[in-house]
Amino acid sequence: MKLFVITQLSELLIEEALRYPDSIFITPDQNIAQQLNSECGIQCQLLPLFHSHGHHMSTIERDEAFANDALPGNLKDLRFPQNEMPLWKSLSIDRYRFWYTPSELPDLINQFNYDELVISADIYHNLPWAVATAAHARDVHIKGIKTHTLRTREFASFYPYSLLNKIVVSFNDEKEYLNSLWPNDKINVTAIGGERSPRKPIDSQKRDALRSGLQIPNSAYLTGLIYDKRDEWQFRVLMSRLLQNELSINAIVFPYDGRSLELFPKCMPDAITQLLNPRIIDDQKMLAMCDEVVMFRFLEDIYTHMADIPLIIYDFHNLNMAHVVAIPGIEVLR
């Protein structure tokens, strides 16, 4: 009997679940339970000891949910001396997902009769790995299923210590990448999809039409800058080097997400905004008008969906391990 612990869904995980519909399925997320039931006919049990609020919540909403769950009573209104931040906010800075774990969890999991554990390979939730620890103590085979990009510094650092016996991924290049992080005889890597589909060729007519709408000459060399708030320091380093060398750049800034869109105008010094004089476009499909794209970490979701435009990653001081995690052939400058 297999035990599935699901904190994030993917096509790979759904396919695995459909192959073994008589398994035990548990999740802390009500939306996942409903999706598995409605789309796959799989009954998935909610794990009541965990308070999952999904990955879509803002930091403030997540902290407030933590306060309601774990800090009832007057503690919510307490403050440190000479500090306006409520005590519950100070406590929840410690990433409650990584320590807000009931001590009863191993006993609860050990009540299930299973000989293989299948988990979402989700490093942003502690539940799969807490259960994996309990399963490892029983010498149970542990299989991880890819549910989000594995090509991140965080996953590369975590992977050798994950307790996995096997991991299922989408493409052969992911298999080669994981085997470069940890030997295949330690963690067996299975690629389901074979070779990755090539990116779409550049569409010159679409490129010219997009530029025309923004009154950008077709002959202009245009750089698309991906601004991710996590990489603000790296972004500033590149801009500072351009300023020091009195270089200019014809660029459009594409915020990676809503948080980056909101913070870019607030975080950039005047010297940088004058250098760029940037247009800010909150639509990554418009990258099709660019001659090159610049990132500061490998962002697989953007890379996969954009046309075959030259990509450069500036990973100063190797902060994001881009030379390790990026797909081979991408130019990485450190």
# chains A, B, ... in the order shown; residues from 1 in each chain; ligands from 1
>>> select_by_dssp(residues="segment 285-316 of chain A", states="alpha helix (DSSP H)", output="list in words")
Glu300, Asp301, Ile302, Tyr303, Thr304 and His305 of chain A
>>> residues_around(residues="Ala156 of chain A", least_positions_apart="2", cutoff="9 Å", atoms="only C-alpha atoms", output="MDAnalysis selection string")
chainID A and resid 150:154 158:160 178 181 321 324:325
>>> write_last_selection(atoms="N, CA and C atoms", output="compact mmCIF listing (two decimals), in the first residue's frame")
# COMPACT_ATOMS: atom_id res chain seq x y z
N LEU A 150 12.79 22.50 -10.24
CA LEU A 150 13.85 21.98 -9.37
C LEU A 150 15.14 22.77 -9.56
N ARG A 151 15.14 23.66 -10.55
CA ARG A 151 16.36 24.38 -10.90
C ARG A 151 16.45 25.69 -10.11
N THR A 152 16.60 25.53 -8.79
CA THR A 152 16.78 26.68 -7.91
C THR A 152 17.94 26.39 -6.96
N ARG A 153 18.53 27.46 -6.44
CA ARG A 153 19.60 27.30 -5.46
C ARG A 153 19.11 26.54 -4.25
N GLU A 154 17.88 26.83 -3.81
CA GLU A 154 17.36 26.21 -2.61
C GLU A 154 17.22 24.70 -2.79
N PHE A 158 19.29 21.56 -0.98
CA PHE A 158 18.51 20.65 -0.14
C PHE A 158 18.55 19.21 -0.63
N TYR A 159 18.64 19.02 -1.92
CA TYR A 159 18.42 17.72 -2.55
C TYR A 159 19.24 16.58 -1.94
N PRO A 160 20.55 16.74 -1.71
CA PRO A 160 21.31 15.59 -1.17
C PRO A 160 20.87 15.15 0.22
N LEU A 178 20.06 16.61 -11.78
CA LEU A 178 20.00 16.04 -10.43
C LEU A 178 21.13 15.05 -10.19
N LEU A 181 24.14 16.70 -9.03
CA LEU A 181 24.11 17.16 -7.64
C LEU A 181 24.39 16.04 -6.66
N MET A 321 23.61 30.40 -7.75
CA MET A 321 24.15 29.15 -8.32
C MET A 321 23.66 28.92 -9.75
N VAL A 324 25.09 26.32 -11.99
CA VAL A 324 24.74 24.94 -11.66
C VAL A 324 23.31 24.61 -12.08
N VAL A 325 22.37 25.50 -11.79
CA VAL A 325 20.97 25.16 -11.94
C VAL A 325 20.40 25.49 -13.32
>>> residues_around(residues="Leu319 of chain A", least_positions_apart="2", cutoff="9 Å", atoms="only C-alpha atoms", output="NGL selection string")
:A and (153 or 234 or 297 or 315-317 or 321-322)
>>> residues_around(residues="Met1 of chain A", least_positions_apart="6", cutoff="10 Å", atoms="only C-alpha atoms", output="PyMOL selection string")
chain A and resi 20+22-24+112-117
>>> residues_around(residues="Thr133 of chain A", least_positions_apart="6", cutoff="10 Å", atoms="only C-alpha atoms", output="list of chain:residue names")
A:Pro106, A:Leu127, A:Asp139, A:Val140, A:Ile142, A:Ser162, A:Leu163, A:Leu164
>>> write_last_selection(atoms="C-alpha atoms", output="PDB file, in the first residue's frame")
ATOM      1  CA  PRO A 106       5.025  10.826  13.587  1.00  0.00           C
ATOM      2  CA  LEU A 127       4.841  18.360   5.801  1.00  0.00           C
ATOM      3  CA  ASP A 139      13.046   1.989   6.354  1.00  0.00           C
ATOM      4  CA  VAL A 140      10.146   2.738   3.989  1.00  0.00           C
ATOM      5  CA  ILE A 142      10.391   7.278  -0.317  1.00  0.00           C
ATOM      6  CA  SER A 162      16.140  15.008   1.246  1.00  0.00           C
ATOM      7  CA  LEU A 163      15.927  11.321   2.346  1.00  0.00           C
ATOM      8  CA  LEU A 164      14.504  10.444  -1.076  1.00  0.00           C
TER       9      LEU A 164
END
>>> residues_around(residues="Gln34 of chain A", least_positions_apart="5", cutoff="12 Å", atoms="only C-alpha atoms", output="ChimeraX atom specification")
/A:9,26-29,39-46
>>> residues_around(residues="His148 of chain A", least_positions_apart="4", cutoff="9 Å", atoms="only C-alpha atoms", output="ChimeraX atom specification")
/A:8-10,121-122
>>> closest_atom_pairs(of="segment 274-307 of chain A", to="segment 253-261 of chain A", cutoff="7 Å", atoms="only C-alpha atoms", output="CSV")
residue,atom,partner,partner_atom,distance
A:Pro278,CA,A:Val253,CA,6.4
A:Arg279,CA,A:Val253,CA,6.1
A:Ile280,CA,A:Val253,CA,4.8
A:Ile281,CA,A:Phe254,CA,5.4
A:Asp282,CA,A:Phe254,CA,5.9
A:Gln284,CA,A:Phe254,CA,6.5
